[in-house]
Structure formats: structure tokens, C-alpha cells
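Shown next: data-v4.csv, containing CSV, C-alpha atoms.
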```csv
chain,number,residue,atom,x,y,z
A,1,MET,CA,5.8,0.7,-2.2
A,2,LYS,CA,2.7,-1.5,-2.4
A,3,ALA,CA,4.7,-4.5,-1.3
A,4,PHE,CA,6.0,-2.6,1.7
A,5,SER,CA,2.5,-1.5,2.8
A,6,GLY,CA,1.3,-5.1,2.5
A,7,VAL,CA,4.1,-6.3,4.8
A,8,ALA,CA,3.4,-3.4,7.2
A,9,ALA,CA,-0.3,-4.3,7.3
A,10,ALA,CA,0.5,-7.9,8.0
A,11,CYS,CA,2.9,-6.9,10.8
A,12,LEU,CA,0.2,-4.6,12.3
A,13,LEU,CA,-2.4,-7.4,12.1
A,14,LEU,CA,0.0,-9.9,13.9
A,15,CYS,CA,0.7,-7.3,16.6
A,16,ALA,CA,-3.0,-6.6,17.1
A,17,LEU,CA,-3.8,-10.4,17.3
A,18,ALA,CA,-1.0,-10.9,19.9
A,19,ALA,CA,-2.2,-7.9,21.9
A,20,SER,CA,-5.8,-9.1,21.9
A,21,GLY,CA,-4.8,-12.6,23.1
A,22,CYS,CA,-5.6,-14.5,20.0
A,23,THR,CA,-2.3,-16.3,20.2
A,24,GLY,CA,-3.5,-18.5,23.1
A,25,THR,CA,-4.7,-17.7,26.6
A,26,THR,CA,-3.8,-19.5,29.7
A,27,ALA,CA,-5.3,-19.9,33.1
A,28,GLN,CA,-3.0,-17.2,34.5
A,29,ASP,CA,-4.3,-14.8,31.7
A,30,ASP,CA,-7.9,-15.6,32.5
A,31,PRO,CA,-8.5,-15.1,36.2
A,32,ALA,CA,-12.3,-15.2,35.6
A,33,TRP,CA,-12.2,-18.9,34.9
A,34,ASN,CA,-14.0,-20.8,37.7
A,35,LEU,CA,-14.6,-24.4,38.5
A,36,THR,CA,-18.0,-25.4,39.9
A,37,LEU,CA,-18.0,-28.4,42.2
A,38,VAL,CA,-21.3,-30.1,43.1
A,39,GLY,CA,-21.8,-32.8,45.7
A,40,ASP,CA,-23.2,-32.3,49.1
A,41,GLY,CA,-23.8,-28.7,48.2
A,42,GLU,CA,-22.1,-26.5,45.6
A,43,LYS,CA,-18.7,-24.7,45.7
A,44,VAL,CA,-17.1,-22.4,43.1
A,45,LEU,CA,-13.3,-22.4,43.1
A,46,SER,CA,-11.2,-19.8,41.3
A,47,MET,CA,-7.9,-20.6,39.6
A,48,LYS,CA,-6.2,-19.0,42.7
A,49,ASP,CA,-8.2,-21.3,45.0
A,50,LEU,CA,-7.2,-24.4,42.9
A,51,ARG,CA,-3.6,-23.5,43.0
A,52,ALA,CA,-3.8,-23.1,46.8
A,53,LEU,CA,-4.9,-26.8,47.2
A,54,PRO,CA,-2.2,-29.5,47.7
A,55,ALA,CA,-0.8,-30.3,44.2
A,56,TRP,CA,-0.2,-33.6,42.6
A,57,GLU,CA,2.8,-33.7,40.3
A,58,GLY,CA,3.7,-36.5,37.8
A,59,HIS,CA,3.4,-37.5,34.2
A,60,GLY,CA,0.7,-37.6,31.6
A,61,TYR,CA,0.6,-39.0,28.1
A,62,ALA,CA,-2.5,-39.8,26.1
A,63,VAL,CA,-3.6,-41.0,22.7
A,64,SER,CA,-6.9,-40.4,21.1
A,65,THR,CA,-8.9,-43.0,19.2
A,66,THR,CA,-7.8,-41.3,16.0
A,67,GLY,CA,-4.1,-41.5,17.0
A,68,ILE,CA,-3.5,-38.0,18.1
A,69,ARG,CA,-1.0,-37.9,21.0
A,70,TYR,CA,-1.2,-35.5,23.9
A,71,GLY,CA,2.2,-35.2,25.6
A,72,PRO,CA,4.2,-36.5,27.1
A,73,TYR,CA,3.8,-33.9,29.8
A,74,THR,CA,5.0,-33.3,33.3
A,75,VAL,CA,1.7,-32.4,35.0
A,76,LYS,CA,0.6,-30.4,38.0
A,77,GLY,CA,-2.9,-30.2,39.3
A,78,VAL,CA,-5.3,-31.4,42.0
A,79,PRO,CA,-6.4,-35.1,42.3
A,80,LEU,CA,-10.1,-35.6,41.6
A,81,THR,CA,-10.6,-37.3,44.9
A,82,ASP,CA,-9.3,-34.1,46.7
A,83,LEU,CA,-11.8,-32.0,44.7
A,84,ALA,CA,-14.6,-34.3,45.7
A,85,ASP,CA,-13.6,-33.8,49.4
A,86,GLN,CA,-14.4,-30.1,48.9
A,87,VAL,CA,-18.1,-31.1,48.5
A,88,GLY,CA,-18.5,-33.9,50.9
A,89,GLY,CA,-16.2,-36.6,49.6
A,90,PHE,CA,-16.6,-39.4,47.0
A,91,PRO,CA,-19.1,-42.1,48.0
A,92,ALA,CA,-18.5,-45.8,47.4
A,93,GLY,CA,-20.2,-46.7,44.1
A,94,GLY,CA,-20.5,-43.0,43.1
A,95,GLN,CA,-19.6,-41.3,39.8
A,96,ALA,CA,-17.8,-38.1,38.9
A,97,TRP,CA,-19.4,-36.2,35.9
A,98,ILE,CA,-16.8,-33.9,34.3
A,99,SER,CA,-18.0,-31.3,31.9
A,100,ALA,CA,-16.9,-28.4,29.8
A,101,PRO,CA,-18.7,-25.4,28.3
A,102,ASP,CA,-18.6,-26.9,24.8
A,103,GLY,CA,-21.0,-29.7,26.0
A,104,TYR,CA,-18.5,-32.5,26.4
A,105,LEU,CA,-19.2,-34.8,29.3
A,106,TRP,CA,-17.2,-37.7,30.7
A,107,VAL,CA,-18.4,-39.9,33.5
A,108,PHE,CA,-15.8,-41.6,35.7
A,109,ASP,CA,-17.0,-44.6,37.8
A,110,ASP,CA,-15.9,-45.3,41.4
A,111,GLU,CA,-13.0,-47.5,40.2
A,112,GLN,CA,-11.7,-44.9,37.7
A,113,VAL,CA,-12.0,-42.0,40.2
A,114,HIS,CA,-9.5,-44.0,42.3
A,115,GLY,CA,-7.1,-44.6,39.3
A,116,GLU,CA,-8.2,-48.1,38.5
A,117,GLY,CA,-9.8,-49.7,35.5
A,118,PHE,CA,-7.9,-47.9,32.7
A,119,ILE,CA,-6.0,-49.6,29.9
A,120,THR,CA,-2.4,-48.4,29.8
A,121,LEU,CA,0.1,-48.5,27.0
A,122,ASN,CA,3.8,-47.9,26.5
A,123,GLU,CA,5.1,-45.2,24.1
A,124,ASP,CA,4.9,-47.8,21.2
A,125,LEU,CA,1.2,-48.1,22.1
A,126,LYS,CA,1.5,-51.7,23.3
A,127,GLU,CA,-0.6,-52.6,26.3
A,128,ILE,CA,1.3,-52.8,29.6
A,129,PRO,CA,0.3,-53.6,33.2
A,130,SER,CA,-1.2,-50.5,34.8
A,131,PRO,CA,1.0,-48.7,37.3
A,132,ASP,CA,-0.6,-46.6,40.0
A,133,LEU,CA,-2.7,-43.9,38.2
A,134,THR,CA,-4.3,-40.7,39.5
A,135,VAL,CA,-7.1,-38.8,37.9
A,136,VAL,CA,-6.0,-35.1,38.1
A,137,LEU,CA,-7.6,-31.8,37.3
A,138,ALA,CA,-4.4,-30.3,35.7
A,139,TYR,CA,-3.6,-26.6,35.5
A,140,GLU,CA,0.1,-26.9,34.3
A,141,PHE,CA,1.9,-28.9,31.6
A,142,ASN,CA,5.7,-28.8,31.6
A,143,GLY,CA,5.8,-26.1,34.3
A,144,THR,CA,3.5,-23.6,32.5
A,145,ALA,CA,-0.2,-22.9,32.6
A,146,ILE,CA,-2.2,-25.0,30.1
A,147,THR,CA,-3.1,-23.0,27.0
A,148,ASN,CA,-6.6,-22.9,25.6
A,149,GLU,CA,-5.3,-24.8,22.5
A,150,ASP,CA,-4.1,-27.6,24.8
A,151,GLY,CA,-7.5,-27.8,26.6
A,152,GLY,CA,-6.8,-25.3,29.4
A,153,PRO,CA,-7.0,-23.6,31.6
A,154,LEU,CA,-8.2,-26.9,33.3
A,155,ARG,CA,-7.9,-30.3,31.8
A,156,ILE,CA,-8.4,-33.8,33.2
A,157,VAL,CA,-5.4,-36.0,33.1
A,158,VAL,CA,-5.0,-39.7,33.9
A,159,GLY,CA,-1.5,-39.4,35.3
A,160,SER,CA,1.3,-41.6,36.6
A,161,ALA,CA,4.4,-41.2,38.7
A,162,GLU,CA,6.2,-43.0,35.9
A,163,PRO,CA,7.0,-41.3,32.6
A,164,GLY,CA,5.9,-42.9,29.3
A,165,VAL,CA,2.6,-44.4,30.5
A,166,VAL,CA,-0.1,-43.7,27.8
A,167,THR,CA,-3.8,-43.7,28.5
A,168,GLU,CA,-6.8,-43.2,26.3
A,169,GLY,CA,-7.4,-39.6,25.4
A,170,SER,CA,-11.2,-39.4,25.5
A,171,THR,CA,-11.0,-39.3,29.3
A,172,TRP,CA,-8.8,-36.2,29.2
A,173,VAL,CA,-11.7,-33.7,29.2
A,174,LYS,CA,-10.6,-30.2,27.9
A,175,TRP,CA,-11.7,-26.8,29.3
A,176,VAL,CA,-13.2,-28.3,32.5
A,177,ASP,CA,-15.6,-25.9,34.3
A,178,ARG,CA,-17.8,-28.3,36.3
A,179,ILE,CA,-17.4,-31.5,38.3
A,180,GLU,CA,-20.4,-33.2,39.8
A,181,VAL,CA,-20.1,-36.0,42.4
A,182,LYS,CA,-23.1,-38.3,42.0
A,183,THR,CA,-24.2,-40.7,44.7
A,184,PRO,CA,-25.4,-44.2,43.7
```
If you took the structure in this file and wrote it as C-alpha cells, what would it be?
Amino acid sequence: MKAFSGVAAACLLLCALAASGCTGTTAQDDPAWNLTLVGDGEKVLSMKDLRALPAWEGHGYAVSTTGIRYGPYTVKGVPLTDLADQVGGFPAGGQAWISAPDGYLWVFDDEQVHGEGFITLNEDLKEIPSPDLTVVLAYEFNGTAITNEDGGPLRIVVGSAEPGVVTEGSTWVKWVDRIEVKTP
């Protein structure tokens, strides 16, 4: 009987965790997640607002400096340049500061905001000539909302129209909640 009550307790615990959302939340589960854009003024966009903007769809694949691979994914989101347009546009020579609530910050220069200046690799991690790249604030991987465990609900992706293009993972900021457009 003790073995049964242990199994029953474990089942109840798993059900409680699932019901409380501890199995991974997504942007669709968290409508309170907002993105703050700062440029010529400040604008706050909800997940619904972001999904209403014209979407970019393509491929994303990254590798961290420690060899952890993210992807390959099909990606859906909003180009960083389109988000900058929401707060006055992206100035020549400017920077985009992308941050998350855990304190992580990545700064994209003017060249990178426009998809240039990245090292690209093939799936064997051999350097290849860079195809056209787009920096995207992604909200979907493989047709579903990005989970918290995958850096969602919003994650930066350096994406390509071509599958199998790998970029450096440190630029793929997780849990993005703020984007600041800085003028030179």
C-alpha cells in the first residue's frame, strides 16, 4: 500500500505542476508580457500588438561559444528595423540595445541591425559566405509560440531565408522585454 500511495502522490504532484504552468509557459499563455520600445519616444507593445505587425518568416540556427546548438528552427517574428520604425526609425550610425529582465544586454551596431557583419557557418560549423540575414524579434519557432525554456516569449534571431545557416548564439537574446534605438 505504501508503494501505491507514493505513486499516487507523484502523480498528483505532476498534475499540480502541469496545472500551475511549471511545464513551460509560452507567449500565448502569458498575455501580460510586453515589449518596451524606446527611440523618439517610448511605446509599449503587447504580444497581440506584435503579432498584428507584418511578420518575417524564415530560418534560424545558432551555436553558442560553448557549442550548444539552438535550432534549426523555422522562425516567425518582426524584423528589428520594423520595430525601430515604431519609435522614429533607425538612424545611420545608430545602435539597438536589446535587453531582458535577467540583465542580459546585447548591442547591435548599424551594420548588424541591417543583417550585415555576422559570421555565418554551415551545419558542420565551417565558415561560409553570408547570405542575406535579418535580425528578427521572434515569437514563434516551428509554428508554435516560443517557450520560456527556449528563451520566449520573445527572442532575437539572426535569421536567413535559407535553411542551415548558423550564426553565433550570443546575439540571440532570450526573454526580450526592451529595445532601445540609440542615436550616434
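Among the candidates A:Pro153, A:Gly71, A:Val107, A:Gln95, the residue lying nearest to Leu50 in chain A is A:Pro153 (atoms considered: only C-alpha atoms).
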Inset, instruction - Quote the spacing between CA of Ser160 in chain A and CA of Leu45 in chain A in Å to one decimal place. - result: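 Atom-to-atom, CA of Ser160 in chain A and CA of Leu45 in chain A are spaced 25.0 Å apart.
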Legend entry - Minimum-distance residue to Lys43 in chain A, chosen among A:Thr74, A:Gly88, A:Glu57, A:Thr81 (using all atoms listed in the file):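 Nearest candidate to Lys43 in chain A out of A:Thr74, A:Gly88, A:Glu57, A:Thr81: A:Gly88.
Nearest residue to Gly159 in chain A among A:Ile98, A:Leu80, A:Ala32, A:Ile179 is A:Leu80, counting all atoms listed in the file.
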Inset, instruction - Mind giving me the straight-line distance from CA of Gly103 in chain A to CA of Asn148 in chain A in Å, one decimal? - result: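 Spanning CA of Gly103 in chain A to CA of Asn148 in chain A is a straight-line distance of 15.9 Å.
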Inset, instruction - Please provide the set of residues having any atom within 8 Å of Leu137 in chain A, restricted to all atoms listed in the file, with same-chain residues fewer than 4 positions apart removed, written as a PyMOL selection string. - result: chain A and resi 77-80+154-157
Inset, instruction - Show which residues sit within 8 Å of Thr120 in chain A, as a VMD selection string. Count all atoms listed in the file, and ignore same-chain residues fewer than 2 positions away. - result: chain A and resid 118 122 127 to 130 165 to 168
Inset, instruction - Could you please determine the separation between CA of Ala145 in chain A and CA of Leu37 in chain A in Å, to one decimal place? - result: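 Atom-to-atom, CA of Ala145 in chain A and CA of Leu37 in chain A are spaced 21.0 Å apart.
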Inset, instruction - Would you list the residues near (-17.1, -41.4, 42.9), meaning any protein, DNA or RNA residue with an atom at most 10 Å from that point in file coordinates, counting all atoms listed in the file, as a PyMOL selection string? - result: chain A and resi 80-81+84+89-97+107-114+180-184
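Proximity to Val173 in chain A was assessed for A:Tyr70, A:Trp33, A:Tyr104, A:Trp56 counting only C-alpha atoms; the smallest distance is recorded for A:Tyr104.
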Inset, instruction - Kindly extract all protein, DNA and RNA residues lying within 10 Å of the coordinates (-1.3, -46.1, 42.9) given in the file, considering only C-alpha atoms, and supply them as a PyMOL selection string. - result: chain A and resi 114-116+130-134+160-161
Inset, instruction - Rank A:Asp177, A:Gly143, A:Leu121, A:Val135 by their smallest atom-to-atom distance to Ala62 in chain A, using all atoms listed in the file, and report the top residue only. - result: A:Leu121
Inset, instruction - Give the answer as one residue: which of A:Thr147, A:Thr171, A:Ser99, A:Asn34 has the shortest atom-to-atom distance to Arg51 in chain A, using all atoms listed in the file? - result: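 Checking each candidate against Arg51 in chain A, we get A:Asn34 as the closest.
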